[in-house]
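Participant: The structure is given below, and queries will be raised subsequently.
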Amino acid sequence: MIGNYTKQNRSVYRLTVHVVLVTKYRRKAISHQILIRLRQICSDTCVKWECNLVFNGESDHIHLIIDLNPRIAPVKLIANIKTVTSRLIRQEFPEHLKRFYGDKKVFWTGSYFVASCGGVTIEQLKSYVQNQDTPSGNSQGAVCGTCVRTLYAPSPANPPGITGDPLPV
């Protein structure tokens, strides 16, 4: 890792996501022992996927901050973490979970929260990108402005308020 970045043969990167996994029906099924075990399972899983992990949780959900390898699709890693943790926790703490779920083989909700996070705000990144020199030497050439308007203009595929306001050009 170089500073805040990881260097590999052909890339330098830092891809960080915040993931929240919630117990089924938001039941307070995570005891202290289960939380410790979840930390270990998530840590082991992230090592296998060549990712770094910061972990914490409460009685009904866990937070993971994961530095991803760019070869990894976040959805695949999250699905693997959910599957492995659910299976192992149900195997290792069956009596505890029976109080919350009966004989149902569940632990997590079907959904999850994931958000990208990093060292700069979206506004700082927009400003940085907008102030780059184009090959013609202009900081905001006509082609660049057209691309920005096209990429960020509201449309059915890109509705206003969902992906943010169009960049000022």
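Please note that chains go A, B, ... in the order of the structure tokens, that every chain numbers its residues from 1, and that ligands are numbered from 1 in the order shown.
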Name all residues at most 10 Å from segment 97-111 of chain A (count only C-alpha atoms; drop same-chain ones fewer than 6 positions away) and give them as a list in words.

Facilitator: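 Selected residues are Val20, Leu21, Val22, Thr23, Lys24, Tyr25, Arg26, Arg27, Lys28, Ala29, Ile30, Ser31, Asp60, His61, Ala79, Lys82, Thr83, Thr85, Ser86, Arg87, Ile89, Arg90 and Gln91 of chain A.
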
Participant: Do you know which residues are at most 12 Å from Asp44 of chain A counting only C-alpha atoms, after dropping those on the same chain fewer than 5 positions away, and could you put them as a ChimeraX atom specification?

Facilitator: /A:37-39,49-53,80-81,84-85

Participant: Determine which residues of segment 2-104 of chain A receive a DSSP assignment of helix (DSSP H, G or I), computed from the backbone, and state them as a PyMOL selection string.

Facilitator: chain A and resi 24-26+32-48+74-92+94-101

Participant: Go ahead and save the residues from that selection, with N, CA and C atoms, as a short mmCIF file (atom, residue, chain, number, x, y, z; two decimals), in the first residue's frame.

Facilitator:
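Heads up, here's the output in selection.cif:
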```
data_model
loop_
_atom_site.label_atom_id
_atom_site.label_comp_id
_atom_site.auth_asym_id
_atom_site.auth_seq_id
_atom_site.Cartn_x
_atom_site.Cartn_y
_atom_site.Cartn_z
N LYS A 24 -32.56 -10.67 9.79
CA LYS A 24 -33.93 -10.89 9.30
C LYS A 24 -34.93 -10.35 10.33
N TYR A 25 -35.90 -9.60 9.85
CA TYR A 25 -36.94 -8.97 10.66
C TYR A 25 -36.34 -7.98 11.68
N ARG A 26 -35.11 -7.61 11.47
CA ARG A 26 -34.36 -6.70 12.36
C ARG A 26 -34.40 -7.19 13.82
N HIS A 32 -22.91 -10.95 21.88
CA HIS A 32 -21.49 -10.59 21.88
C HIS A 32 -20.64 -11.70 21.26
N GLN A 33 -20.95 -12.95 21.58
CA GLN A 33 -20.20 -14.08 21.02
C GLN A 33 -20.39 -14.18 19.51
N ILE A 34 -21.61 -13.95 19.05
CA ILE A 34 -21.89 -14.00 17.61
C ILE A 34 -21.17 -12.85 16.90
N LEU A 35 -21.15 -11.67 17.52
CA LEU A 35 -20.45 -10.54 16.92
C LEU A 35 -18.96 -10.82 16.75
N ILE A 36 -18.36 -11.43 17.76
CA ILE A 36 -16.94 -11.80 17.67
C ILE A 36 -16.73 -12.80 16.54
N ARG A 37 -17.63 -13.78 16.45
CA ARG A 37 -17.50 -14.79 15.39
C ARG A 37 -17.74 -14.18 14.01
N LEU A 38 -18.71 -13.28 13.89
CA LEU A 38 -18.96 -12.59 12.62
C LEU A 38 -17.73 -11.81 12.17
N ARG A 39 -17.07 -11.15 13.11
CA ARG A 39 -15.84 -10.40 12.80
C ARG A 39 -14.79 -11.34 12.21
N GLN A 40 -14.63 -12.51 12.82
CA GLN A 40 -13.62 -13.47 12.35
C GLN A 40 -13.98 -14.02 10.97
N ILE A 41 -15.24 -14.38 10.78
CA ILE A 41 -15.67 -14.92 9.48
C ILE A 41 -15.51 -13.87 8.38
N CYS A 42 -15.95 -12.65 8.66
CA CYS A 42 -15.83 -11.58 7.65
C CYS A 42 -14.36 -11.28 7.35
N SER A 43 -13.54 -11.27 8.38
CA SER A 43 -12.11 -11.02 8.18
C SER A 43 -11.48 -12.12 7.33
N ASP A 44 -11.76 -13.38 7.64
CA ASP A 44 -11.23 -14.50 6.87
C ASP A 44 -11.70 -14.45 5.42
N THR A 45 -12.97 -14.11 5.22
CA THR A 45 -13.53 -14.03 3.87
C THR A 45 -12.84 -12.91 3.08
N CYS A 46 -12.64 -11.77 3.71
CA CYS A 46 -11.99 -10.66 3.01
C CYS A 46 -10.54 -10.98 2.66
N VAL A 47 -9.85 -11.73 3.51
CA VAL A 47 -8.48 -12.15 3.18
C VAL A 47 -8.49 -13.01 1.93
N LYS A 48 -9.45 -13.94 1.84
CA LYS A 48 -9.54 -14.81 0.66
C LYS A 48 -9.82 -14.01 -0.60
N PRO A 74 -18.27 -5.80 -6.05
CA PRO A 74 -18.80 -5.70 -4.68
C PRO A 74 -19.99 -6.62 -4.41
N VAL A 75 -20.89 -6.76 -5.37
CA VAL A 75 -22.07 -7.60 -5.16
C VAL A 75 -21.69 -9.06 -4.92
N LYS A 76 -20.65 -9.54 -5.58
CA LYS A 76 -20.22 -10.93 -5.38
C LYS A 76 -19.60 -11.13 -4.00
N LEU A 77 -18.77 -10.17 -3.58
CA LEU A 77 -18.18 -10.27 -2.25
C LEU A 77 -19.25 -10.21 -1.18
N ILE A 78 -20.19 -9.28 -1.31
CA ILE A 78 -21.26 -9.14 -0.31
C ILE A 78 -22.11 -10.41 -0.25
N ALA A 79 -22.46 -10.95 -1.40
CA ALA A 79 -23.24 -12.19 -1.43
C ALA A 79 -22.48 -13.32 -0.75
N ASN A 80 -21.17 -13.40 -0.99
CA ASN A 80 -20.37 -14.45 -0.36
C ASN A 80 -20.31 -14.25 1.15
N ILE A 81 -20.11 -13.03 1.60
CA ILE A 81 -20.07 -12.75 3.04
C ILE A 81 -21.40 -13.12 3.68
N LYS A 82 -22.51 -12.73 3.06
CA LYS A 82 -23.83 -13.05 3.63
C LYS A 82 -24.05 -14.56 3.70
N THR A 83 -23.69 -15.26 2.64
CA THR A 83 -23.90 -16.71 2.60
C THR A 83 -23.05 -17.42 3.64
N VAL A 84 -21.77 -17.11 3.67
CA VAL A 84 -20.85 -17.79 4.59
C VAL A 84 -21.19 -17.48 6.04
N THR A 85 -21.42 -16.21 6.36
CA THR A 85 -21.72 -15.85 7.75
C THR A 85 -23.04 -16.49 8.20
N SER A 86 -24.06 -16.45 7.35
CA SER A 86 -25.35 -17.03 7.72
C SER A 86 -25.22 -18.53 7.99
N ARG A 87 -24.56 -19.22 7.07
CA ARG A 87 -24.41 -20.68 7.23
C ARG A 87 -23.64 -21.03 8.50
N LEU A 88 -22.49 -20.38 8.71
CA LEU A 88 -21.66 -20.72 9.87
C LEU A 88 -22.31 -20.30 11.19
N ILE A 89 -22.92 -19.14 11.23
CA ILE A 89 -23.57 -18.69 12.48
C ILE A 89 -24.73 -19.62 12.82
N ARG A 90 -25.52 -20.03 11.82
CA ARG A 90 -26.63 -20.97 12.09
C ARG A 90 -26.12 -22.33 12.56
N GLN A 91 -24.96 -22.77 12.04
CA GLN A 91 -24.37 -24.04 12.47
C GLN A 91 -23.83 -23.96 13.89
N GLU A 92 -23.19 -22.84 14.21
CA GLU A 92 -22.47 -22.73 15.48
C GLU A 92 -23.34 -22.23 16.64
N PRO A 94 -27.09 -22.66 16.95
CA PRO A 94 -28.46 -23.03 16.59
C PRO A 94 -29.49 -22.74 17.69
N GLU A 95 -29.14 -23.00 18.93
CA GLU A 95 -30.10 -22.79 20.01
C GLU A 95 -30.39 -21.31 20.22
N HIS A 96 -29.36 -20.49 20.13
CA HIS A 96 -29.55 -19.05 20.29
C HIS A 96 -30.48 -18.51 19.20
N LEU A 97 -30.24 -18.89 17.95
CA LEU A 97 -31.03 -18.37 16.83
C LEU A 97 -32.44 -18.94 16.80
N LYS A 98 -32.63 -20.13 17.37
CA LYS A 98 -33.97 -20.74 17.41
C LYS A 98 -34.95 -19.84 18.17
N ARG A 99 -34.44 -19.11 19.17
CA ARG A 99 -35.29 -18.18 19.95
C ARG A 99 -35.82 -17.06 19.07
N PHE A 100 -35.10 -16.69 18.02
CA PHE A 100 -35.48 -15.56 17.17
C PHE A 100 -36.19 -15.99 15.90
N TYR A 101 -35.82 -17.15 15.35
CA TYR A 101 -36.31 -17.55 14.03
C TYR A 101 -36.97 -18.91 13.99
#
```

Participant: Might you pull out every residue within 12 Å of segment 4-12 of chain A, with only C-alpha atoms counted and same-chain residues fewer than 2 positions away left off, and present them as a ChimeraX atom specification?

Facilitator: /A:1-2,14-16,50-52,67-71,118-119

Participant: Could you save the residues just selected, with N, CA and C atoms, as a PDB file, in the first residue's frame?

Facilitator:
```
ATOM      1  N   MET A   1       0.849  -1.178   0.000  1.00  0.00           N
ATOM      2  CA  MET A   1       0.000   0.000   0.000  1.00  0.00           C
ATOM      3  C   MET A   1       0.891   1.237   0.000  1.00  0.00           C
ATOM      4  N   ILE A   2       0.627   2.182  -0.895  1.00  0.00           N
ATOM      5  CA  ILE A   2       1.371   3.426  -0.998  1.00  0.00           C
ATOM      6  C   ILE A   2       0.482   4.527  -0.448  1.00  0.00           C
ATOM      7  N   ARG A  14      -7.650   2.657  -4.818  1.00  0.00           N
ATOM      8  CA  ARG A  14      -8.288   2.603  -3.511  1.00  0.00           C
ATOM      9  C   ARG A  14      -9.780   2.630  -3.759  1.00  0.00           C
ATOM     10  N   LEU A  15     -10.416   1.502  -3.581  1.00  0.00           N
ATOM     11  CA  LEU A  15     -11.854   1.355  -3.750  1.00  0.00           C
ATOM     12  C   LEU A  15     -12.428   0.929  -2.410  1.00  0.00           C
ATOM     13  N   THR A  16     -13.121   1.832  -1.765  1.00  0.00           N
ATOM     14  CA  THR A  16     -13.637   1.568  -0.425  1.00  0.00           C
ATOM     15  C   THR A  16     -15.154   1.648  -0.437  1.00  0.00           C
ATOM     16  N   GLU A  50      -8.812 -10.963  -1.082  1.00  0.00           N
ATOM     17  CA  GLU A  50      -7.743  -9.961  -1.170  1.00  0.00           C
ATOM     18  C   GLU A  50      -8.256  -8.547  -0.893  1.00  0.00           C
ATOM     19  N   CYS A  51      -9.056  -8.413   0.166  1.00  0.00           N
ATOM     20  CA  CYS A  51      -9.624  -7.132   0.574  1.00  0.00           C
ATOM     21  C   CYS A  51      -9.251  -6.859   2.027  1.00  0.00           C
ATOM     22  N   ASN A  52      -9.295  -5.591   2.423  1.00  0.00           N
ATOM     23  CA  ASN A  52      -9.069  -5.201   3.819  1.00  0.00           C
ATOM     24  C   ASN A  52     -10.402  -4.845   4.447  1.00  0.00           C
ATOM     25  N   ASP A  67     -11.944  -2.257   1.811  1.00  0.00           N
ATOM     26  CA  ASP A  67     -11.085  -1.788   0.728  1.00  0.00           C
ATOM     27  C   ASP A  67     -11.026  -2.914  -0.286  1.00  0.00           C
ATOM     28  N   LEU A  68     -11.671  -2.707  -1.423  1.00  0.00           N
ATOM     29  CA  LEU A  68     -11.810  -3.747  -2.440  1.00  0.00           C
ATOM     30  C   LEU A  68     -10.611  -3.826  -3.368  1.00  0.00           C
ATOM     31  N   ASN A  69     -10.390  -5.000  -3.876  1.00  0.00           N
ATOM     32  CA  ASN A  69      -9.478  -5.219  -4.977  1.00  0.00           C
ATOM     33  C   ASN A  69     -10.282  -4.884  -6.239  1.00  0.00           C
ATOM     34  N   PRO A  70      -9.733  -4.159  -7.220  1.00  0.00           N
ATOM     35  CA  PRO A  70     -10.534  -3.766  -8.386  1.00  0.00           C
ATOM     36  C   PRO A  70     -11.027  -4.939  -9.241  1.00  0.00           C
ATOM     37  N   ARG A  71     -10.473  -6.121  -9.045  1.00  0.00           N
ATOM     38  CA  ARG A  71     -10.941  -7.293  -9.782  1.00  0.00           C
ATOM     39  C   ARG A  71     -12.204  -7.884  -9.167  1.00  0.00           C
ATOM     40  N   GLY A 118     -14.713   7.468   0.201  1.00  0.00           N
ATOM     41  CA  GLY A 118     -13.321   7.743  -0.127  1.00  0.00           C
ATOM     42  C   GLY A 118     -12.840   9.004   0.562  1.00  0.00           C
ATOM     43  N   GLY A 119     -11.693   9.472   0.122  1.00  0.00           N
ATOM     44  CA  GLY A 119     -11.038  10.588   0.776  1.00  0.00           C
ATOM     45  C   GLY A 119     -11.500  11.958   0.343  1.00  0.00           C
TER      46      GLY A 119
END
```

Participant: Separation of atom CA of Ile72 of chain A and atom CA of Phe55 of chain A, in Å?

Facilitator: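 Atom-to-atom, atom CA of Ile72 of chain A to atom CA of Phe55 of chain A, that is 19.0 Å.
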